[in-house]
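**Q** Quick one, target_23.txt (compact mmCIF, C-alpha atoms and all ligand atoms):
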# COMPACT_ATOMS: atom_id res chain seq x y z
CA MET A 1 7.46 20.29 16.55
CA PHE A 2 9.58 17.51 15.10
CA ASN A 3 13.19 18.50 14.60
CA PRO A 4 15.09 16.17 12.23
CA GLU A 5 18.47 17.37 13.43
CA SER A 6 17.85 16.54 17.09
CA PHE A 7 16.16 13.30 16.04
CA ILE A 8 19.36 12.21 14.26
CA GLU A 9 21.52 13.33 17.19
CA GLU A 10 19.40 11.16 19.44
CA VAL A 11 19.33 7.98 17.33
CA LYS A 12 22.89 8.05 15.99
CA PRO A 13 24.69 7.02 19.21
CA GLN A 14 22.05 4.35 19.89
CA ILE A 15 22.59 2.83 16.45
CA LEU A 16 26.38 2.99 16.63
CA LYS A 17 26.30 1.35 20.04
CA GLU A 18 24.04 -1.44 18.85
CA VAL A 19 25.54 -2.22 15.44
CA ARG A 20 29.23 -1.42 16.07
CA GLU A 21 31.37 -2.71 13.17
CA GLU A 22 28.80 -5.18 11.86
CA LYS A 23 27.24 -5.17 8.41
CA ILE A 24 23.56 -4.40 8.17
CA LEU A 25 20.93 -5.16 5.52
CA ALA A 26 18.32 -2.60 4.45
CA ALA A 27 15.27 -3.63 2.44
CA ILE A 28 13.69 -0.84 0.40
CA SER A 29 10.18 -1.07 -1.01
CA GLY A 30 10.15 2.15 -3.03
CA GLY A 31 8.10 4.02 -0.44
CA VAL A 32 9.21 6.98 1.64
CA ASP A 33 9.53 5.10 4.97
CA SER A 34 11.88 2.31 3.99
CA THR A 35 13.97 4.61 1.79
CA THR A 36 14.34 7.21 4.53
CA ALA A 37 15.27 4.53 7.08
CA ALA A 38 17.92 3.15 4.71
CA VAL A 39 19.39 6.56 3.84
CA LEU A 40 19.52 7.53 7.52
CA MET A 41 21.45 4.34 8.27
CA TYR A 42 23.72 4.88 5.27
CA LYS A 43 24.59 8.35 6.55
CA ILE A 44 25.43 6.88 9.95
CA LEU A 45 27.08 3.60 8.94
CA GLY A 46 28.31 4.16 5.37
CA LYS A 47 29.60 1.02 3.64
CA GLN A 48 28.52 -1.22 6.52
CA LEU A 49 25.03 -0.96 5.00
CA LEU A 50 23.87 -3.26 2.19
CA PRO A 51 20.74 -1.64 0.68
CA ILE A 52 18.62 -3.90 -1.50
CA MET A 53 15.26 -3.80 -3.17
CA ILE A 54 13.55 -7.13 -3.71
CA ASP A 55 11.53 -7.22 -6.90
CA THR A 56 8.61 -9.25 -5.55
CA GLY A 57 6.69 -9.11 -8.82
CA PHE A 58 4.18 -6.86 -7.05
CA LEU A 59 6.00 -3.59 -7.68
CA ARG A 60 4.49 -0.87 -9.83
CA LYS A 61 5.35 -0.60 -13.52
CA ASP A 62 9.13 -0.08 -13.91
CA GLU A 63 9.42 0.64 -10.22
CA ALA A 64 12.73 -1.09 -9.48
CA ARG A 65 14.47 0.79 -12.27
CA LYS A 66 12.87 4.13 -11.35
CA VAL A 67 13.78 3.87 -7.67
CA LYS A 68 17.36 2.85 -8.47
CA ASP A 69 17.61 5.87 -10.78
CA MET A 70 16.15 8.28 -8.22
CA LEU A 71 18.65 7.12 -5.62
CA LYS A 72 21.68 6.83 -7.86
CA ASP A 73 23.65 9.61 -6.15
CA ILE A 74 22.46 8.77 -2.65
CA LEU A 75 22.42 5.04 -2.06
CA PRO A 76 24.17 2.12 -3.83
CA LEU A 77 20.94 0.16 -4.21
CA GLN A 78 20.98 -3.42 -5.51
CA ILE A 79 17.90 -4.97 -7.09
CA VAL A 80 17.25 -8.64 -6.34
CA ASP A 81 14.71 -10.15 -8.73
CA LYS A 82 12.52 -12.72 -6.96
CA SER A 83 9.33 -11.99 -8.89
CA GLU A 84 8.76 -15.50 -10.21
CA GLU A 85 9.12 -17.10 -6.76
CA PHE A 86 6.72 -14.65 -5.16
CA ILE A 87 4.06 -14.74 -7.86
CA SER A 88 4.01 -18.53 -8.10
CA ALA A 89 3.81 -18.89 -4.31
CA LEU A 90 0.86 -16.49 -4.02
CA GLU A 91 -1.08 -17.35 -7.17
CA GLY A 92 -4.58 -18.63 -6.41
CA ILE A 93 -4.83 -17.28 -2.85
CA SER A 94 -7.96 -15.19 -2.17
CA ASP A 95 -8.07 -14.32 1.53
CA ALA A 96 -6.50 -10.96 2.41
CA GLU A 97 -4.83 -12.04 5.65
CA GLU A 98 -3.59 -15.29 4.13
CA LYS A 99 -1.96 -13.29 1.32
CA ARG A 100 -0.35 -10.89 3.76
CA LYS A 101 0.98 -13.67 5.99
CA LYS A 102 2.33 -15.72 3.11
CA PHE A 103 3.94 -12.64 1.58
CA ARG A 104 5.53 -11.78 4.90
CA ASP A 105 6.96 -15.29 5.38
CA LEU A 106 8.41 -15.34 1.89
CA PHE A 107 9.72 -11.81 2.16
CA TYR A 108 11.59 -12.43 5.38
CA SER A 109 12.88 -15.87 4.43
CA THR A 110 14.28 -14.26 1.26
CA LEU A 111 15.93 -11.55 3.37
CA SER A 112 17.20 -14.19 5.77
CA THR A 113 18.94 -16.04 2.92
CA ILE A 114 20.49 -12.82 1.61
CA ALA A 115 21.63 -11.85 5.12
CA LYS A 116 23.20 -15.26 5.75
CA GLU A 117 24.98 -15.24 2.37
CA ASN A 118 26.53 -11.91 3.35
CA GLY A 119 27.29 -12.71 7.00
CA ILE A 120 24.76 -10.11 8.16
CA ARG A 121 22.92 -10.22 11.52
CA TYR A 122 20.96 -6.97 11.39
CA LEU A 123 18.06 -5.75 9.28
CA VAL A 124 16.88 -2.15 9.13
CA GLN A 125 13.34 -1.45 8.14
CA GLY A 126 11.11 1.59 7.85
CA THR A 127 8.28 0.63 10.19
CA ILE A 128 6.54 3.78 11.44
CA ALA A 129 4.13 4.38 14.30
CA ALA A 130 0.89 3.97 12.32
CA ASP A 131 2.03 0.54 11.07
CA TRP A 132 2.35 -1.14 14.41
CA VAL A 133 -0.52 0.74 16.05
CA GLU A 134 -2.90 -0.68 13.44
CA THR A 135 -1.36 -4.14 13.38
CA GLN A 136 -1.49 -4.42 17.17
CA GLY A 137 -5.07 -3.19 17.06
CA GLY A 138 -5.85 -6.18 14.82
CA ILE A 139 -6.88 -4.10 11.80
CA LYS A 140 -4.46 -5.88 9.49
CA THR A 141 -1.27 -7.84 9.56
CA GLN A 142 1.07 -5.25 8.17
CA HIS A 143 3.90 -7.17 6.61
CA ASN A 144 6.72 -5.30 8.34
CA VAL A 145 5.43 -5.46 11.89
CA LEU A 146 7.23 -8.27 13.66
CA VAL A 147 8.79 -7.38 17.00
CA GLN A 148 5.63 -5.61 18.22
CA LEU A 149 3.70 -8.84 17.55
CA GLY A 150 6.13 -10.84 19.66
CA ILE A 151 7.92 -12.48 16.70
CA ASP A 152 11.50 -13.40 17.64
CA THR A 153 13.26 -12.39 14.42
CA GLU A 154 16.65 -13.71 15.53
CA LYS A 155 15.29 -17.15 16.21
CA THR A 156 13.07 -17.24 13.11
CA TRP A 157 15.28 -15.60 10.50
CA GLY A 158 18.66 -15.06 12.12
CA PHE A 159 18.61 -11.26 12.17
CA LYS A 160 17.82 -8.56 14.66
CA VAL A 161 15.52 -5.82 13.43
CA ILE A 162 16.36 -2.14 13.79
CA GLU A 163 13.51 0.31 13.27
CA PRO A 164 14.84 3.86 13.59
CA LEU A 165 11.51 5.43 12.53
CA ALA A 166 9.24 3.35 14.79
CA ASP A 167 8.02 6.35 16.80
CA LEU A 168 7.52 8.73 13.89
CA TYR A 169 4.39 9.59 11.92
CA LYS A 170 4.33 10.10 8.16
CA ASP A 171 4.73 13.87 8.14
CA GLU A 172 7.77 13.54 10.42
CA VAL A 173 9.29 10.93 8.14
CA ARG A 174 8.85 13.29 5.19
CA ALA A 175 10.50 16.11 7.15
CA LEU A 176 13.41 13.79 7.93
CA ALA A 177 13.65 12.70 4.28
CA ARG A 178 13.87 16.34 3.17
CA TYR A 179 16.50 17.03 5.79
CA LEU A 180 18.53 14.04 4.56
CA GLY A 181 18.48 15.51 1.07
CA LEU A 182 16.30 12.89 -0.59
CA PRO A 183 14.86 13.97 -3.93
CA LYS A 184 11.34 15.37 -3.88
CA GLU A 185 10.07 12.38 -5.86
CA ILE A 186 10.84 10.31 -2.77
CA SER A 187 10.24 12.63 0.19
CA GLU A 188 6.83 13.64 -1.17
CA ARG A 189 6.04 10.25 -2.67
CA GLN A 190 2.70 8.74 -1.86
CA PRO A 191 2.99 5.68 0.38
CA PHE A 192 3.18 2.29 -1.29
CA PRO A 193 2.54 -0.78 0.86
CA GLY A 194 5.28 -3.39 1.21
CA PRO A 195 3.14 -6.22 -0.26
CA GLY A 196 2.49 -3.85 -3.17
CA LEU A 197 0.06 -4.78 -5.91
CA LEU A 198 -0.58 -8.12 -4.21
CA ILE A 199 -3.09 -6.42 -1.90
CA ARG A 200 -4.56 -4.37 -4.74
CA VAL A 201 -5.44 -7.45 -6.73
CA VAL A 202 -8.38 -7.93 -4.42
CA GLY A 203 -9.58 -11.50 -3.88
CA LYS A 204 -7.97 -14.32 -5.84
CA LEU A 205 -4.53 -13.53 -7.20
CA THR A 206 -4.04 -14.41 -10.86
CA ARG A 207 -1.33 -13.31 -13.26
CA GLU A 208 -3.87 -11.75 -15.62
CA LYS A 209 -5.38 -9.58 -12.86
CA LEU A 210 -1.93 -8.59 -11.66
CA GLU A 211 -0.78 -7.43 -15.11
CA ILE A 212 -4.00 -5.46 -15.75
CA GLU A 213 -3.71 -3.85 -12.31
CA ARG A 214 -0.10 -2.83 -13.03
CA GLU A 215 -1.14 -1.09 -16.26
CA VAL A 216 -4.22 0.58 -14.80
CA ASN A 217 -2.40 1.81 -11.70
CA ASP A 218 0.18 3.43 -13.93
CA ILE A 219 -2.56 5.40 -15.72
CA ILE A 220 -4.16 6.47 -12.44
CA GLU A 221 -0.85 7.66 -11.01
CA SER A 222 -0.03 9.74 -14.05
CA GLU A 223 -3.55 11.22 -14.25
CA LEU A 224 -3.80 12.12 -10.56
CA LYS A 225 -0.23 12.92 -9.60
CA ASP A 226 -0.57 16.70 -9.70
CA LEU A 227 -3.84 16.97 -7.80
CA GLY A 228 -2.39 16.92 -4.28
CA PHE A 229 -4.01 13.75 -2.95
CA SER A 230 -2.34 11.86 -0.10
CA GLN A 231 -2.73 8.50 -1.82
CA TYR A 232 -4.21 7.44 -5.17
CA PHE A 233 -4.21 4.08 -6.87
CA SER A 234 -6.35 1.39 -8.47
CA VAL A 235 -7.63 -1.99 -7.41
CA ILE A 236 -8.95 -4.86 -9.47
CA ILE A 237 -11.69 -7.25 -8.38
CA ASP A 238 -13.76 -9.95 -10.05
CA SER A 239 -16.86 -8.30 -11.47
CA GLN A 240 -19.53 -10.78 -10.28
CA LYS A 241 -22.07 -9.03 -8.10
CA SER A 242 -25.73 -9.26 -7.21
CA LEU A 243 -28.47 -6.77 -6.44
CA ASP A 244 -29.13 -6.32 -2.71
CA ASP A 245 -32.87 -5.64 -2.42
CA LEU A 246 -32.82 -4.68 1.23
CA ILE A 247 -30.05 -2.07 0.97
CA SER A 248 -31.40 -0.78 -2.36
CA SER A 249 -34.80 -0.09 -0.89
CA GLU A 250 -33.24 1.68 2.09
CA VAL A 251 -31.31 4.14 -0.12
CA ASN A 252 -33.63 4.25 -3.16
CA VAL A 253 -30.93 3.43 -5.69
CA PRO A 254 -29.88 -0.01 -6.96
CA VAL A 255 -27.04 -1.28 -4.76
CA TYR A 256 -25.04 -4.27 -5.94
CA VAL A 257 -22.78 -6.35 -3.72
CA TYR A 258 -19.66 -8.06 -5.11
CA ASN A 259 -18.60 -11.59 -4.29
CA THR A 260 -15.25 -10.26 -3.10
CA ARG A 261 -14.58 -8.85 0.38
CA ALA A 262 -12.43 -5.94 1.51
CA THR A 263 -11.09 -4.62 4.81
CA GLY A 264 -12.47 -1.82 6.90
CA VAL A 265 -12.22 -0.50 10.44
CA LYS A 266 -15.04 -0.54 12.98
CA GLY A 267 -14.14 1.17 16.22
CA ASP A 268 -10.62 -0.10 16.76
CA VAL A 269 -11.01 -3.46 15.09
CA ARG A 270 -10.66 -4.77 11.59
CA SER A 271 -13.68 -5.81 9.60
CA TYR A 272 -13.64 -7.83 6.40
CA GLY A 273 -16.90 -6.78 4.82
CA LYS A 274 -18.52 -6.52 1.43
CA ILE A 275 -17.76 -4.21 -1.47
CA ALA A 276 -20.89 -2.53 -2.88
CA SER A 277 -21.55 -0.47 -6.01
CA ILE A 278 -23.99 2.37 -6.61
CA PRO A 279 -24.85 4.14 -9.87
CA LEU A 280 -23.32 7.46 -10.87
CA ILE A 281 -24.77 10.34 -8.82
CA ASP A 282 -23.72 13.86 -9.67
CA ASP A 283 -23.75 15.20 -6.10
CA TYR A 284 -21.06 14.19 -3.59
CA GLU A 285 -23.15 15.27 -0.58
CA LYS A 286 -25.93 12.94 -1.62
CA VAL A 287 -23.36 10.21 -2.27
CA ARG A 288 -21.99 10.67 1.24
CA GLU A 289 -25.46 10.26 2.77
CA ILE A 290 -26.12 7.11 0.79
CA VAL A 291 -22.74 5.64 1.69
CA GLN A 292 -23.37 6.26 5.38
CA LYS A 293 -26.54 4.22 5.17
CA ILE A 294 -25.01 1.42 3.11
CA THR A 295 -22.03 0.99 5.43
CA LYS A 296 -24.37 0.35 8.36
CA TYR A 297 -24.77 -3.05 6.73
CA ASP A 298 -21.79 -5.40 6.38
CA VAL A 299 -20.19 -3.17 3.69
CA THR A 300 -16.69 -1.66 4.01
CA HIS A 301 -16.13 -0.05 0.59
CA VAL A 302 -18.65 1.55 -1.79
CA GLY A 303 -17.82 2.24 -5.43
CA MET A 304 -19.73 4.64 -7.67
CA ILE A 305 -19.84 3.30 -11.24
CA ILE A 306 -18.21 5.72 -13.66
CA ASN A 307 -18.21 3.63 -16.83
CA ASP A 308 -19.39 0.13 -17.68
CA ARG A 309 -20.23 -2.30 -20.49
CA LYS A 310 -22.07 -5.56 -20.79
CA ASP A 311 -19.22 -8.06 -20.66
CA GLY A 312 -15.95 -8.52 -18.84
CA LYS A 313 -14.51 -10.42 -15.89
CA TYR A 314 -13.09 -7.52 -13.90
CA SER A 315 -14.07 -4.32 -12.14
CA ILE A 316 -11.51 -1.60 -11.59
CA GLY A 317 -11.73 0.64 -8.54
CA ILE A 318 -10.13 4.07 -8.44
CA ARG A 319 -9.14 5.23 -4.96
CA ALA A 320 -7.96 8.74 -4.04
CA VAL A 321 -7.86 9.99 -0.44
CA LEU A 322 -6.85 12.99 1.60
CA THR A 323 -5.36 12.44 5.03
CA GLN A 324 -2.85 13.81 7.52
CA ASP A 325 -1.86 10.70 9.41
CA PHE A 326 -3.32 7.78 7.36
CA MET A 327 -5.23 6.62 10.46
CA THR A 328 -8.36 8.34 9.13
CA ALA A 329 -8.92 9.56 5.57
CA ASP A 330 -11.49 11.26 3.37
CA PHE A 331 -12.20 10.19 -0.19
CA ALA A 332 -11.33 13.01 -2.62
CA LYS A 333 -14.16 14.75 -4.44
CA ILE A 334 -12.73 14.45 -7.93
CA GLU A 335 -14.73 16.12 -10.66
CA LEU A 336 -16.89 13.63 -12.49
CA SER A 337 -15.67 14.73 -15.91
CA LYS A 338 -12.10 13.95 -14.83
CA LEU A 339 -13.13 10.53 -13.55
CA GLN A 340 -14.95 9.85 -16.81
CA THR A 341 -11.88 10.68 -18.87
CA ILE A 342 -9.73 8.36 -16.74
CA ALA A 343 -12.35 5.60 -16.84
CA GLU A 344 -12.50 5.74 -20.64
CA LYS A 345 -8.74 5.27 -20.84
CA ILE A 346 -8.92 2.36 -18.42
CA MET A 347 -11.71 0.61 -20.34
CA ARG A 348 -9.47 0.61 -23.42
CA ILE A 349 -6.66 -1.29 -21.68
CA ASN A 350 -8.30 -4.69 -21.72
CA LYS A 351 -11.60 -6.05 -22.99
CA GLU A 352 -12.07 -8.04 -19.79
CA ILE A 353 -12.58 -4.80 -17.86
CA LYS A 354 -16.33 -4.63 -17.39
CA GLU A 355 -16.55 -1.45 -15.37
CA VAL A 356 -14.69 1.27 -13.54
CA PHE A 357 -15.90 2.64 -10.20
CA TYR A 358 -14.72 5.41 -7.94
CA ASP A 359 -14.40 4.53 -4.25
CA VAL A 360 -16.56 6.96 -2.27
CA THR A 361 -15.84 5.58 1.22
CA SER A 362 -13.80 7.33 3.87
CA LYS A 363 -11.66 5.67 6.57
CA PRO A 364 -13.40 4.63 8.79
CA PRO A 365 -15.47 2.62 7.90
CA ALA A 366 -13.20 1.63 4.95
CA THR A 367 -9.44 1.31 5.12
CA ILE A 368 -7.37 3.11 2.52
CA GLU A 369 -6.32 -0.17 0.91
CA TYR A 370 -8.76 -2.96 0.18
CA GLU A 371 -6.91 -5.81 1.90
P1 LIG B 1 -4.96 1.20 5.48
O1 LIG B 1 -5.32 0.39 4.29
O2 LIG B 1 -4.75 0.37 6.69
O3 LIG B 1 -3.56 1.89 5.13
O4 LIG B 1 -5.92 2.31 5.75
C1 LIG B 1 -2.95 2.90 5.87
C2 LIG B 1 -1.63 3.19 5.20
O5 LIG B 1 -0.73 2.09 5.35
C3 LIG B 1 -0.33 1.60 4.08
N1 LIG B 1 -0.22 0.14 4.19
C4 LIG B 1 0.92 -0.56 4.27
N2 LIG B 1 2.22 -0.16 4.22
N3 LIG B 1 2.93 -2.43 4.45
C5 LIG B 1 3.21 -1.11 4.31
O6 LIG B 1 4.40 -0.79 4.23
C6 LIG B 1 1.66 -2.90 4.51
O7 LIG B 1 1.43 -4.09 4.66
C7 LIG B 1 0.61 -1.90 4.40
N4 LIG B 1 -0.75 -2.00 4.43
C8 LIG B 1 -1.23 -0.72 4.27
C9 LIG B 1 -1.41 2.05 3.12
O8 LIG B 1 -0.94 2.08 1.78
C10 LIG B 1 -1.76 3.40 3.70
O9 LIG B 1 -0.82 4.38 3.31
Now that the file is in, can you turn its structure into structure tokens?
**A**
Amino acid sequence: MFNPESFIEEVKPQILKEVREEKILAAISGGVDSTTAAVLMYKILGKQLLPIMIDTGFLRKDEARKVKDMLKDILPLQIVDKSEEFISALEGISDAEEKRKKFRDLFYSTLSTIAKENGIRYLVQGTIAADWVETQGGIKTQHNVLVQLGIDTEKTWGFKVIEPLADLYKDEVRALARYLGLPKEISERQPFPGPGLLIRVVGKLTREKLEIEREVNDIIESELKDLGFSQYFSVIIDSQKSLDDLISSEVNVPVYVYNTRATGVKGDVRSYGKIASIPLIDDYEKVREIVQKITKYDVTHVGMIINDRKDGKYSIGIRAVLTQDFMTADFAKIELSKLQTIAEKIMRINKEIKEVFYDVTSKPPATIEYE
């Protein structure tokens, strides 16, 4: 059993020995891991810590303000707005790994500049065990995994990285967060990836897709927040797709395949396969059987269409999963009437939304995110 008190007793002397009197930078993304890492360091090092949140332009609606508010009595958080730089650097890129790598370079060069301006040589970040296990396994380039990939952060960016949570899993981080007195909105918060909405605008990044995704995700979060799912969010993809005759005949329903790809896991390796759609089927067991057959082909995510219309450039995917450790996950069996209500709201947001689907793939063969 994880014991937060003995965990802190163990890491505190190590951190004090390493950092001594030096200042240290903490970058917070709004998720539980980075916030817990920063608060832990603040408890140990006090004013030596400079906690910042970079507004990358890929944060959720009003996120910077909300996180600052939630932490107002706990951490003197500063928001650094770099949204325009990030969005213009990433606009037009389609490939998932290219997006992640570019985001990572920009993110750390921004931190490097801030560190240098403040005479700081240390960076604390909230990398946890699952992050580097999956990155090392080649499933994805998680933006905050550096040292484990052999990147010399001192040489590249001028700071040494400290990762106090590197051996913990999510439930242990939450236990630590509670012990540190973080508000429930943070300790129980669903994870939010560092690259944020960038990896939920699946395929080519455009400003229009990003703004629609931000609005839609806000609706999904408020509709699903009390249902107890481990993670729930939306994605946006371009709606072009074509009927796949071979897969359709195998499963006896029309299966369409989108032009956009998404990540999955096969064995221990990453796959970058197709996204498919199936019509609405009012029986999750049957859906599960069909999905099993479809994902034998080069398909990583399957969406069940909840609502659609003739025209529109974009498809919205709703994702909700249940998981203990985020290494495997089950899609949640949300009642269809609930999904229909949410889909109707989403369709009203923008006339370019052609359809809304519900992701009915578990991890594996899908990943939780799409990129
Ligand atoms: P996947 O998509 O690999 O996600 O099944 C597993 C968990 O990790 C989160 N995730 C990230 N978190 N930076 C992060 O801080 C990232 O680059 C990143 N990519 C995925 C994801 O949201 C899920 O909780």
**Q** Show me a table, sorted first by chain and then by increasing residue number, of the residues of chain A having an atom at most 6 Å from ligand LIG 1 (chain B), each with its shortest atom pair and the distance in Å to one decimal, counting all atoms listed in the file and written as a tab-separated table.
**A**
residue	atom	partner	partner_atom	distance
A:Gln142	CA	B:LIG1	O7	3.7
A:His143	CA	B:LIG1	O7	4.4
A:Pro191	CA	B:LIG1	O9	5.0
A:Phe192	CA	B:LIG1	O8	5.1
A:Pro193	CA	B:LIG1	N2	3.4
A:Gly194	CA	B:LIG1	O6	4.1
A:Pro195	CA	B:LIG1	O7	5.6
A:Phe326	CA	B:LIG1	C1	5.1
A:Thr367	CA	B:LIG1	O4	3.7
A:Ile368	CA	B:LIG1	O4	3.6
A:Glu369	CA	B:LIG1	O1	3.6
**Q** Looking at all atoms listed in the file, which of A:Gly150, A:Gly273, A:Gly46, A:Gly30 is the one that sits closest to Val299 in chain A?
**A**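 Using all atoms listed in the file, the shortest distance to Val299 in chain A belongs to A:Gly273.
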**Q** Show which residues sit within 10 Å of Pro254 in chain A, as a ChimeraX atom specification. Count all atoms listed in the file, and ignore same-chain residues fewer than 4 positions away.
**A** /A:243-250,277-279
**Q** Under the rule that all atoms listed in the file are counted, which of A:Val39, A:Val257, A:Leu224, A:Leu16 is the nearest residue to Ile334 in chain A?
**A**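 Among the listed residues, A:Leu224 lies closest to Ile334 in chain A.
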**Q** With all atoms listed in the file as the atoms that count, which of A:Val253, A:Ala366, A:Val202, A:Ile219 lies nearest to Arg270 in chain A?
**A**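 Smallest separation from Arg270 in chain A among the options: A:Ala366.
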**Q** What separation in Å, quoted to one decimal, exists between CA of Ile318 in chain A and CA of Tyr358 in chain A?
**A**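 We find that CA of Ile318 in chain A and CA of Tyr358 in chain A lie 4.8 Å from each other.
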**Q** Tell me which of A:Met70, A:Ile54, A:Ile114, A:Ile120 sits closest to Glu85 in chain A, counting only C-alpha atoms.
**A**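 Checking each candidate against Glu85 in chain A, we get A:Ile54 as the closest.
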**Q** Using all atoms listed in the file, which of A:Leu198, A:Val11, A:Met347, A:Ala177 sits nearest Glu163 in chain A?
**A**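 For Glu163 in chain A, the nearest of the given residues is A:Val11.
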**Q** Between CA of Asp298 in chain A and CA of Ile220 in chain A, what distance in Å does the model show, to one decimal?
**A**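 Distance reported for this atom pair: 28.4 Å.
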**Q** Closest to Asp33 in chain A among A:Thr110, A:Gln14, A:Thr127, A:Gln340, using all atoms listed in the file?
**A**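 Answer, going by the shortest atom-to-atom distance: A:Thr127.
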**Q** Env of range 167-173 of chain A: 9 Å cut, atoms = only C-alpha atoms, seq-sep filter 5 positions within chain, self excluded. Answer as a list in words.
**A** Phe2, Asn3, Pro4, Val32, Asp33, Thr36, Ala37, Thr127, Ile128, Ala129, Ala130, Arg178, Ser187, Gln324, Asp325 and Phe326 of chain A
**Q** Show me, as a list in words, the residues that have an atom within 12 Å of Glu97 in chain A when counting all atoms listed in the file, minus same-chain residues fewer than 2 positions from it.
**A**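 Near neighbours after the sequence-gap exclusion: Ile93, Ser94, Asp95, Lys99, Arg100, Lys101, Lys102, Phe103, Arg104, Thr135, Gly138, Ile139, Lys140, Thr141, Gln142, His143, Pro195, Leu198, Ile199, Val202, Gly203, Arg261, Ala262, Thr263, Arg270, Ser271, Tyr272, Tyr370 and Glu371 of chain A.
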**Q** Neighbouring residues of Lys241 in chain A were defined as those with any atom within 10 Å, considering only C-alpha atoms; residues of the same chain fewer than 3 positions away were excluded. Please report them as a list in words.
**A** Asp238, Asp244, Val255, Tyr256, Val257, Tyr258, Asn259, Thr260, Ile275, Ala276 and Ser277 of chain A
**Q** Could you please determine the separation between CA of Gly126 in chain A and CA of Ile24 in chain A in Å, to one decimal place?
**A** 13.8 Å
**Q** Just give me the residues with any atom within 6 Å of (12.3, -6.8, 10.1), file coordinates, counting all atoms listed in the file, written as JSON, numbers by chain.
**A** {"A": [123, 125, 161]}
**Q** I'd like the neighbourhood of Ile346 in chain A as an NGL selection string, where a residue qualifies if any of its atoms comes within 12 Å (using only C-alpha atoms), though same-chain residues fewer than 4 positions away should be ignored.
**A** :A and (212-220 or 223 or 234-236 or 306-308 or 314-318 or 339-342 or 350-357)
**Q** Output requested as a compact mmCIF listing (two decimals), keeping the file's coordinate frame - range 266-270 of chain A, filled out with all heavy atoms.
**A**
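Wrote selection.txt, looks like this:
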# COMPACT_ATOMS: atom_id res chain seq x y z
N LYS A 266 -13.84 -0.85 12.18
CA LYS A 266 -15.04 -0.54 12.98
C LYS A 266 -14.56 -0.34 14.39
O LYS A 266 -14.06 -1.27 15.01
CB LYS A 266 -16.02 -1.73 12.92
CG LYS A 266 -17.10 -1.55 11.90
CD LYS A 266 -18.38 -2.29 12.31
CE LYS A 266 -19.44 -2.16 11.26
NZ LYS A 266 -19.55 -3.32 10.38
N GLY A 267 -14.71 0.87 14.90
CA GLY A 267 -14.14 1.17 16.22
C GLY A 267 -12.64 1.01 16.07
O GLY A 267 -12.03 1.60 15.19
N ASP A 268 -12.06 0.12 16.88
CA ASP A 268 -10.62 -0.10 16.76
C ASP A 268 -10.30 -1.45 16.14
O ASP A 268 -9.16 -1.89 16.16
CB ASP A 268 -9.96 -0.01 18.14
CG ASP A 268 -9.70 1.44 18.50
OD1 ASP A 268 -9.70 2.27 17.58
OD2 ASP A 268 -9.51 1.73 19.69
N VAL A 269 -11.31 -2.12 15.62
CA VAL A 269 -11.01 -3.46 15.09
C VAL A 269 -11.25 -3.55 13.59
O VAL A 269 -11.99 -2.76 13.00
CB VAL A 269 -11.83 -4.57 15.80
CG1 VAL A 269 -11.35 -4.79 17.21
CG2 VAL A 269 -13.31 -4.26 15.76
N ARG A 270 -10.60 -4.56 13.03
CA ARG A 270 -10.66 -4.77 11.59
C ARG A 270 -11.98 -5.45 11.24
O ARG A 270 -12.44 -6.33 11.95
CB ARG A 270 -9.49 -5.67 11.24
CG ARG A 270 -9.49 -6.24 9.88
CD ARG A 270 -8.29 -7.17 9.76
NE ARG A 270 -8.14 -7.56 8.38
CZ ARG A 270 -8.74 -8.60 7.83
NH1 ARG A 270 -9.54 -9.35 8.54
NH2 ARG A 270 -8.54 -8.88 6.56
